[in-house]
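Working notes, structure below.
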Amino acid sequence: YYAEVPAVFVDVQRTGPSTGRPTRTQQGDLQLLAYASHGDTKHIVLFPGDPKECFEFAVAAFDLAERFQTPVFLASDLDIGMNDWMVPRLQWDDGFQPDRGKVLSAAELEELDSFSRYMDVDGDHIANRSLPGVHPKGAFFTRGSGHDKHGRYTEDSDAYLEVVDRIAAKIQSAADHVPAPEVHSRDGGARAGIVSIGGCHRAVMEARDELLRDGLEVDYLRVRGFPFDETVVRFLEEHETVFVVEQNRDGQLRTMLSSETGCPKAKLVSVRDYGGQPLSKGHVLDGVRSTLVNAVTEATS
């Protein structure tokens, strides 16, 4: 993260802590992936909902890692990774061109008076980089310890802040480039919403269909990438109650939604199932139905 080295990591989450239950599913690594490291960090994380999206998001992860020069985490779960799923046949586009980001060519390096690895030259928070062996002017020293925009070690506070604040802005700008949230809304105006992630998606969709048949209006947003974009912020703002459906003990997605968007935790109702089995429609209905029924009763009384 600090040396700004592109890398992709795939985490197929299983039950923890530690070795936990190796053949059972969970979503207990969300905060680890989003904030891994000591010190201030924030990472790009992608949340596929089925094997097809794992295939597609893996490609996107490499583009994002190179474009933003940072580790990118693909956060699957063992329900997706181990069980049988029905998805459309996977298709590869032979015309696909990878996005290597801001990599200077030999000709571009030749024209420079000097090359500073961590300098923002055009205001987008992303520094130019070079590849080994392309041109002598592209040589630089990469360090994960405190450095200035030229890559030199520094104890100067201002020089340090210039780099770490730029990296923070760079990662936040990735919110507009990670896979967009998927929103399901019927006619709009529902007072309640559901937010979920990953392998929970199909169970939530089945539960929502049943709630709608019963006359209980509820919108649904599936998070597919982090940092969260404005669609997530607006969804939380527009609904009086938001059920956060996830598969971990501590409500990690709920915590992230509150801390990253400023949404009051009181309006985020945690619906959790972390026993290791794939999420079922029944778990979602058990966590959502009674609250919705009470809300409808109050509204009509």
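In the structure tokens, each chain is lettered A, B, ... as it comes, each chain's residues begin at 1, and ligands are numbered from 1 in order of appearance.
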
Quiz prompt | Picked from region 92-297 of chain A by DSSP as helix (DSSP H, G or I), as a PyMOL selection string | solution = chain A and resi 106-111+136-138+157-176+198-213+230-238+252-261+265-267+281-297

Can I get the selection written as a JSON list (two decimals), in the first residue's frame, with C-alpha atoms?
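For reference, part_33.json as written:
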[["chain", "number", "residue", "atom", "x", "y", "z"],
["A", 106, "ALA", "CA", 11.15, 4.71, -22.74],
["A", 107, "ALA", "CA", 10.37, 7.69, -24.97],
["A", 108, "GLU", "CA", 8.44, 9.46, -22.21],
["A", 109, "LEU", "CA", 11.22, 8.82, -19.69],
["A", 110, "GLU", "CA", 13.83, 10.10, -22.13],
["A", 111, "GLU", "CA", 12.06, 13.47, -22.30],
["A", 136, "PRO", "CA", 17.83, 4.33, -16.90],
["A", 137, "LYS", "CA", 15.87, 7.46, -16.04],
["A", 138, "GLY", "CA", 13.04, 5.26, -14.78],
["A", 157, "SER", "CA", 6.16, 15.89, 8.68],
["A", 158, "ASP", "CA", 5.00, 17.95, 5.70],
["A", 159, "ALA", "CA", 6.74, 15.74, 3.16],
["A", 160, "TYR", "CA", 5.31, 12.64, 4.83],
["A", 161, "LEU", "CA", 1.78, 14.07, 4.94],
["A", 162, "GLU", "CA", 1.94, 15.04, 1.26],
["A", 163, "VAL", "CA", 2.43, 11.39, 0.29],
["A", 164, "VAL", "CA", 0.02, 9.66, 2.68],
["A", 165, "ASP", "CA", -2.75, 12.20, 2.05],
["A", 166, "ARG", "CA", -2.33, 11.73, -1.70],
["A", 167, "ILE", "CA", -2.59, 7.95, -1.31],
["A", 168, "ALA", "CA", -5.78, 8.34, 0.74],
["A", 169, "ALA", "CA", -7.32, 10.54, -1.95],
["A", 170, "LYS", "CA", -6.20, 8.08, -4.62],
["A", 171, "ILE", "CA", -7.91, 5.12, -2.93],
["A", 172, "GLN", "CA", -11.09, 7.11, -2.30],
["A", 173, "SER", "CA", -11.23, 8.06, -5.98],
["A", 174, "ALA", "CA", -11.42, 4.33, -6.79],
["A", 175, "ALA", "CA", -15.02, 4.34, -5.48],
["A", 176, "ASP", "CA", -16.14, 5.45, -8.94],
["A", 198, "GLY", "CA", -21.39, -11.56, -1.72],
["A", 199, "GLY", "CA", -22.95, -15.00, -1.42],
["A", 200, "CYS", "CA", -25.93, -13.63, 0.53],
["A", 201, "HIS", "CA", -27.42, -12.18, -2.66],
["A", 202, "ARG", "CA", -29.73, -14.93, -3.87],
["A", 203, "ALA", "CA", -31.18, -15.62, -0.43],
["A", 204, "VAL", "CA", -31.91, -11.91, -0.02],
["A", 205, "MET", "CA", -33.59, -11.77, -3.44],
["A", 206, "GLU", "CA", -35.83, -14.74, -2.59],
["A", 207, "ALA", "CA", -36.75, -13.20, 0.76],
["A", 208, "ARG", "CA", -37.50, -9.83, -0.83],
["A", 209, "ASP", "CA", -39.76, -11.44, -3.42],
["A", 210, "GLU", "CA", -41.78, -13.06, -0.64],
["A", 211, "LEU", "CA", -41.98, -9.82, 1.33],
["A", 212, "LEU", "CA", -43.26, -7.97, -1.74],
["A", 213, "ARG", "CA", -45.91, -10.65, -2.33],
["A", 230, "GLU", "CA", -22.42, 7.79, -3.71],
["A", 231, "THR", "CA", -25.10, 5.24, -4.62],
["A", 232, "VAL", "CA", -24.52, 3.51, -1.29],
["A", 233, "VAL", "CA", -24.62, 6.81, 0.59],
["A", 234, "ARG", "CA", -27.90, 7.86, -1.07],
["A", 235, "PHE", "CA", -29.53, 4.48, -0.43],
["A", 236, "LEU", "CA", -28.78, 4.75, 3.28],
["A", 237, "GLU", "CA", -30.01, 8.34, 3.42],
["A", 238, "GLU", "CA", -33.27, 7.60, 1.56],
["A", 252, "GLN", "CA", -18.57, -5.91, 10.08],
["A", 253, "LEU", "CA", -20.41, -4.62, 7.02],
["A", 254, "ARG", "CA", -22.76, -2.64, 9.26],
["A", 255, "THR", "CA", -19.77, -1.07, 11.02],
["A", 256, "MET", "CA", -18.12, -0.18, 7.72],
["A", 257, "LEU", "CA", -21.30, 1.36, 6.32],
["A", 258, "SER", "CA", -21.69, 3.55, 9.38],
["A", 259, "SER", "CA", -18.06, 4.63, 9.67],
["A", 260, "GLU", "CA", -17.54, 5.27, 5.95],
["A", 261, "THR", "CA", -20.81, 7.08, 5.19],
["A", 265, "LYS", "CA", -25.80, 2.98, 13.44],
["A", 266, "ALA", "CA", -29.25, 3.14, 15.02],
["A", 267, "LYS", "CA", -30.97, 2.97, 11.63],
["A", 281, "LYS", "CA", -34.27, -17.15, 2.67],
["A", 282, "GLY", "CA", -35.63, -18.08, 6.09],
["A", 283, "HIS", "CA", -32.75, -16.40, 7.93],
["A", 284, "VAL", "CA", -33.41, -13.16, 6.09],
["A", 285, "LEU", "CA", -37.17, -13.30, 6.66],
["A", 286, "ASP", "CA", -36.67, -14.02, 10.37],
["A", 287, "GLY", "CA", -34.52, -10.90, 10.69],
["A", 288, "VAL", "CA", -36.64, -8.56, 8.60],
["A", 289, "ARG", "CA", -40.33, -9.49, 8.61],
["A", 290, "SER", "CA", -41.38, -8.59, 12.16],
["A", 291, "THR", "CA", -39.81, -5.12, 11.96],
["A", 292, "LEU", "CA", -41.49, -4.43, 8.61],
["A", 293, "VAL", "CA", -44.87, -5.64, 9.83],
["A", 294, "ASN", "CA", -44.65, -3.40, 12.90],
["A", 295, "ALA", "CA", -43.67, -0.44, 10.73],
["A", 296, "VAL", "CA", -46.64, -0.98, 8.41],
["A", 297, "THR", "CA", -48.99, -1.35, 11.38]]

Practice problem: Taking the DSSP assignment computed from this structure's backbone, write out as an MDAnalysis selection string all residues of region 165-195 of chain A that belong to strand (DSSP E). | Solution: chainID A and resid 182:184 192:195

Would you write out those residues with all heavy atoms, as a CSV table (one decimal), in the first residue's frame?
chain,number,residue,atom,x,y,z
A,182,GLU,N,-25.6,-2.9,-7.0
A,182,GLU,CA,-26.8,-3.3,-7.7
A,182,GLU,C,-28.0,-3.0,-6.9
A,182,GLU,O,-28.1,-3.4,-5.7
A,182,GLU,CB,-26.6,-4.8,-7.9
A,182,GLU,CG,-27.7,-5.4,-8.8
A,182,GLU,CD,-27.5,-6.9,-8.9
A,182,GLU,OE1,-26.6,-7.3,-9.7
A,182,GLU,OE2,-28.2,-7.7,-8.2
A,183,VAL,N,-28.9,-2.2,-7.4
A,183,VAL,CA,-30.0,-1.7,-6.7
A,183,VAL,C,-31.3,-2.3,-7.2
A,183,VAL,O,-31.5,-2.3,-8.5
A,183,VAL,CB,-30.1,-0.1,-6.7
A,183,VAL,CG1,-31.4,0.3,-5.9
A,183,VAL,CG2,-28.9,0.5,-6.2
A,184,HIS,N,-32.1,-2.8,-6.4
A,184,HIS,CA,-33.4,-3.4,-6.7
A,184,HIS,C,-34.5,-2.6,-6.0
A,184,HIS,O,-34.6,-2.6,-4.8
A,184,HIS,CB,-33.5,-4.9,-6.3
A,184,HIS,CG,-32.5,-5.7,-7.0
A,184,HIS,ND1,-32.7,-6.4,-8.2
A,184,HIS,CD2,-31.2,-6.0,-6.6
A,184,HIS,CE1,-31.6,-7.0,-8.5
A,184,HIS,NE2,-30.7,-6.8,-7.6
A,192,ALA,N,-38.1,1.1,3.9
A,192,ALA,CA,-37.1,0.2,4.4
A,192,ALA,C,-36.2,-0.3,3.3
A,192,ALA,O,-36.7,-0.4,2.1
A,192,ALA,CB,-37.7,-1.0,5.2
A,193,GLY,N,-35.0,-0.6,3.6
A,193,GLY,CA,-34.1,-1.2,2.6
A,193,GLY,C,-33.3,-2.3,3.2
A,193,GLY,O,-33.2,-2.4,4.4
A,194,ILE,N,-32.7,-3.1,2.3
A,194,ILE,CA,-31.8,-4.2,2.7
A,194,ILE,C,-30.5,-3.9,2.0
A,194,ILE,O,-30.5,-3.6,0.8
A,194,ILE,CB,-32.3,-5.5,2.3
A,194,ILE,CG1,-33.6,-5.8,3.1
A,194,ILE,CG2,-31.3,-6.6,2.7
A,194,ILE,CD1,-34.3,-7.2,2.6
A,195,VAL,N,-29.4,-4.0,2.7
A,195,VAL,CA,-28.0,-4.0,2.1
A,195,VAL,C,-27.4,-5.3,2.4
A,195,VAL,O,-27.4,-5.8,3.5
A,195,VAL,CB,-27.2,-2.8,2.7
A,195,VAL,CG1,-25.8,-2.9,2.1
A,195,VAL,CG2,-27.8,-1.5,2.3

Quiz item: Can you tell me, as a ChimeraX atom specification, what residues are no more than 12 Å from Pro88 (chain A) when counting only C-alpha atoms, ignoring any on the same chain fewer than 4 positions away?
Solution: /A:50-53,55

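Using only C-alpha atoms, the smallest distance between any of A:Val178, A:Leu78, A:Leu131, A:Met119 and His43 (chain A) comes from A:Val178.
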
Exercise. Pick out the residues sitting within 12 Å of region 33-38 of chain A, and hand them over as an MDAnalysis selection string; count only C-alpha atoms, and ignore anything fewer than 3 positions along from it in its own chain.
Key: chainID A and resid 1:2 8:13 27:30 41:47 71:76 144 168 171:172 225:228 252:253 255:257 260

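Across the structure, CA of Asp120 (chain A) and CA of Val59 (chain A) are spaced 26.4 Å apart.
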
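Excluding Ala190 (chain A) itself and any same-chain residue fewer than 6 positions from it, the protein and nucleic acid residues within 7 Å of it, counting only C-alpha atoms, are Glu217, Val218 and Asp219 of chain A.
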
Quiz prompt | Residue contacts of region 22-25 of chain A (8 Å, only C-alpha atoms) excluding same-chain residues fewer than 3 positions away, as number ranges by chain | solution = A: 13-15, 19, 77-79, 276-278

Dump of C-alpha atoms for the selected residues, as a CSV table (one decimal), in the first residue's frame:
chain,number,residue,atom,x,y,z
A,13,GLN,CA,-13.6,-16.6,3.3
A,14,ARG,CA,-14.4,-19.5,5.7
A,15,THR,CA,-15.4,-19.6,9.3
A,19,THR,CA,-8.2,-22.2,11.2
A,77,ASP,CA,-16.8,-16.7,0.4
A,78,LEU,CA,-16.8,-20.5,0.7
A,79,ASP,CA,-20.4,-20.8,-0.3
A,276,GLY,CA,-21.2,-21.7,8.6
A,277,GLN,CA,-24.1,-22.8,6.4
A,278,PRO,CA,-25.1,-21.0,3.2

Quiz prompt | Point-to-point distance from CA of Val223 (chain A) to CA of Val245 (chain A), Å rounded to tenths | solution = 10.9 Å

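Proximity ranking of A:Gln69, A:Gln91, A:Ser18, A:Ser196 relative to Arg224 (chain A) places A:Ser196 first, based on only C-alpha atoms.
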